[in-house]
file start-v3.cif (mmCIF, C-alpha atoms)
data_data
loop_
_atom_site.group_PDB
_atom_site.id
_atom_site.type_symbol
_atom_site.label_atom_id
_atom_site.label_comp_id
_atom_site.auth_asym_id
_atom_site.auth_seq_id
_atom_site.Cartn_x
_atom_site.Cartn_y
_atom_site.Cartn_z
ATOM 1 C CA MET Y 15 11.919 7.211 -11.925
ATOM 2 C CA LEU Y 16 14.900 4.998 -11.249
ATOM 3 C CA PRO Y 17 12.808 2.700 -9.029
ATOM 4 C CA ALA Y 18 10.763 1.914 -12.158
ATOM 5 C CA PHE Y 19 13.924 0.863 -14.009
ATOM 6 C CA TRP Y 20 15.032 -1.220 -11.030
ATOM 7 C CA GLU Y 21 11.646 -2.963 -10.945
ATOM 8 C CA LEU Y 22 11.779 -3.673 -14.701
ATOM 9 C CA LEU Y 23 15.183 -5.295 -14.265
ATOM 10 C CA LEU Y 24 14.085 -7.458 -11.341
ATOM 11 C CA LYS Y 25 10.932 -8.653 -13.100
ATOM 12 C CA LYS Y 26 12.324 -9.173 -16.607
ATOM 13 C CA ASN Y 27 12.217 -13.001 -16.443
ATOM 14 C CA LYS Y 28 8.652 -13.250 -15.155
ATOM 15 C CA LYS Y 29 5.860 -14.217 -17.527
ATOM 16 C CA ASP Y 30 4.029 -10.909 -16.977
ATOM 17 C CA ALA Y 31 7.165 -8.763 -17.479
ATOM 18 C CA ARG Y 32 6.520 -5.529 -19.333
ATOM 19 C CA SER Y 33 9.802 -5.901 -21.185
ATOM 20 C CA GLN Y 34 12.044 -8.903 -21.767
ATOM 21 C CA ASP Y 35 14.975 -6.551 -22.374
ATOM 22 C CA PRO Y 36 14.581 -3.609 -19.973
ATOM 23 C CA LEU Y 37 18.104 -2.332 -20.652
ATOM 24 C CA ALA Y 38 17.337 -1.891 -24.355
ATOM 25 C CA TRP Y 39 13.918 -0.423 -23.546
ATOM 26 C CA TRP Y 40 15.449 2.075 -21.096
ATOM 27 C CA GLU Y 41 18.106 3.073 -23.623
ATOM 28 C CA ARG Y 42 15.538 3.603 -26.387
ATOM 29 C CA TYR Y 43 12.738 5.314 -24.493
ATOM 30 C CA ILE Y 44 14.520 7.126 -21.675
ATOM 31 C CA ILE Y 45 18.187 7.722 -22.557
ATOM 32 C CA GLN Y 46 17.822 8.414 -26.286
ATOM 33 C CA MET Y 47 14.765 10.606 -25.723
ATOM 34 C CA ASP Y 48 16.668 12.511 -23.040
ATOM 35 C CA ILE Y 49 13.957 11.941 -20.429
ATOM 36 C CA PRO Y 50 15.164 13.230 -17.063
ATOM 37 C CA THR Y 51 15.241 10.701 -14.237
ATOM 38 C CA LEU Y 52 15.020 11.156 -10.507
ATOM 39 C CA ALA Y 53 17.505 9.249 -8.361
ATOM 40 C CA ILE Y 54 16.567 7.999 -4.911
ATOM 41 C CA ARG Y 55 17.864 10.562 -2.421
ATOM 42 C CA THR Y 56 18.097 10.503 1.361
ATOM 43 C CA ALA Y 57 15.050 12.776 1.661
ATOM 44 C CA HIS Y 58 13.022 10.223 -0.306
ATOM 45 C CA VAL Y 59 14.026 7.404 2.031
ATOM 46 C CA VAL Y 60 13.214 9.551 5.077
ATOM 47 C CA ALA Y 61 9.757 10.277 3.618
ATOM 48 C CA LEU Y 62 9.319 6.561 2.913
ATOM 49 C CA GLY Y 63 9.965 5.877 6.598
ATOM 50 C CA HIS Y 64 7.051 8.167 7.519
ATOM 51 C CA LEU Y 65 4.515 6.618 5.130
ATOM 52 C CA PRO Y 66 1.693 4.525 6.589
ATOM 53 C CA ASP Y 67 1.941 0.886 5.548
ATOM 54 C CA TRP Y 68 -1.138 0.962 3.287
ATOM 55 C CA HIS Y 69 0.570 -0.328 0.162
ATOM 56 C CA LYS Y 70 2.874 -3.352 0.205
ATOM 57 C CA ASP Y 71 4.786 -2.850 -3.075
ATOM 58 C CA PRO Y 72 8.179 -1.329 -2.134
ATOM 59 C CA PHE Y 73 8.670 0.156 -5.611
ATOM 60 C CA ASP Y 74 5.343 1.978 -5.491
ATOM 61 C CA ARG Y 75 6.049 3.189 -1.965
ATOM 62 C CA ILE Y 76 9.400 4.772 -2.890
ATOM 63 C CA LEU Y 77 7.759 6.390 -5.923
ATOM 64 C CA VAL Y 78 5.097 7.836 -3.598
ATOM 65 C CA ALA Y 79 7.816 9.130 -1.269
ATOM 66 C CA GLN Y 80 9.607 10.756 -4.219
ATOM 67 C CA ALA Y 81 6.367 12.365 -5.411
ATOM 68 C CA ILE Y 82 5.707 13.761 -1.941
ATOM 69 C CA VAL Y 83 9.227 15.155 -1.448
ATOM 70 C CA GLU Y 84 9.471 16.602 -4.947
ATOM 71 C CA GLY Y 85 5.888 17.917 -5.014
ATOM 72 C CA MET Y 86 5.222 16.045 -8.244
ATOM 73 C CA PRO Y 87 2.279 13.970 -9.458
ATOM 74 C CA LEU Y 88 2.782 10.243 -9.770
ATOM 75 C CA ILE Y 89 2.035 8.457 -13.034
ATOM 76 C CA SER Y 90 0.369 5.192 -12.095
ATOM 77 C CA LYS Y 91 -2.726 3.161 -12.801
ATOM 78 C CA ASP Y 92 -2.840 2.105 -9.126
ATOM 79 C CA ASN Y 93 -5.504 4.360 -7.596
ATOM 80 C CA GLN Y 94 -4.787 2.900 -4.149
ATOM 81 C CA LEU Y 95 -1.743 5.191 -4.042
ATOM 82 C CA GLN Y 96 -4.058 8.212 -3.731
ATOM 83 C CA GLN Y 97 -4.435 7.244 -0.062
ATOM 84 C CA TYR Y 98 -1.037 8.865 0.460
ATOM 85 C CA GLY Y 99 -2.305 12.253 -0.710
ATOM 86 C CA VAL Y 100 -0.318 12.382 -3.949
ATOM 87 C CA ALA Y 101 -1.829 13.381 -7.259
ATOM 88 C CA ILE Y 102 -2.172 10.376 -9.559
ATOM 89 C CA VAL Y 103 -2.091 10.802 -13.323
ATOM 90 C CA TRP Y 104 -3.183 8.008 -15.672
#
call {"tool": "encode", "arguments": {"input": "start-v3.cif", "output": "structure tokens"}}
result
Amino acid sequence: MLPAFWELLLKKNKKDARSQDPLAWWERYIIQMDIPTLAIRTAHVVALGHLPDWHKDPFDRILVAQAIVEGMPLISKDNQLQQYGVAIVW
């Protein structure tokens, strides 16, 4: 989940940004609601290194790697990520 926060921060000044203040959004919807987050671990990066290069977005690719390693579904509207064999929920 932390890659999502990282992406929000990097894209905050773009016209299509999902939030102009991602720090406040993260505090309100993740921290205050006590939503658990998943840090990027070495096993995730190793899995990322084994992924075929089907998808070019590095944030989506690390999320796929995390989903694979952790055996979790991925919440995304990008159905292209199903190519990696992960369950997509949206």
call {"tool": "resolve_selection", "arguments": {"input": "start-v3.cif", "expression": "the PyMOL selection byres ((chain Y and resi 57) around 12)", "output": "JSON, numbers by chain"}}
result
{"Y": [53, 54, 55, 56, 58, 59, 60, 61, 62, 63, 64, 76, 79, 80, 81, 82, 83, 84]}
call {"tool": "atom_distance", "arguments": {"input": "start-v3.cif", "atom1": "atom CA of Y:Leu22", "atom2": "atom CA of Y:Gln46"}}
result
17.8 Å
call {"tool": "atom_distance", "arguments": {"input": "start-v3.cif", "atom1": "atom CA of Y:Lys70", "atom2": "atom CA of Y:Gln96"}}
result
14.0 Å
call {"tool": "atom_distance", "arguments": {"input": "start-v3.cif", "atom1": "atom CA of Y:Ile89", "atom2": "atom CA of Y:Lys25"}}
result
19.3 Å
call {"tool": "residues_near_point", "arguments": {"input": "start-v3.cif", "point": "(11.5, 4.7, -11.0)", "cutoff": "12 Å", "atoms": "all atoms listed in the file", "output": "list of chain:residue names"}}
result
Y:Met15, Y:Leu16, Y:Pro17, Y:Ala18, Y:Phe19, Y:Trp20, Y:Glu21, Y:Leu22, Y:Leu23, Y:Trp40, Y:Ile44, Y:Pro50, Y:Thr51, Y:Leu52, Y:Ala53, Y:Ile54, Y:Pro72, Y:Phe73, Y:Asp74, Y:Arg75, Y:Ile76, Y:Leu77, Y:Val78, Y:Ala79, Y:Gln80, Y:Ala81, Y:Leu88, Y:Ile89, Y:Ser90
call {"tool": "axis_aligned_box", "arguments": {"input": "start-v3.cif", "around": "stretch 31-36 of chain Y", "padding_each_side": "6 Å", "output": "JSON"}}
result
{"center_x": 10.7, "center_y": -6.3, "center_z": -19.9, "size_x": 20.5, "size_y": 17.3, "size_z": 16.9}
call {"tool": "residues_around", "arguments": {"input": "start-v3.cif", "residues": "Y:Leu24", "least_positions_apart": "6", "cutoff": "12 Å", "atoms": "all atoms listed in the file", "output": "MDAnalysis selection string"}}
result
chainID Y and resid 17:18 31:37 73
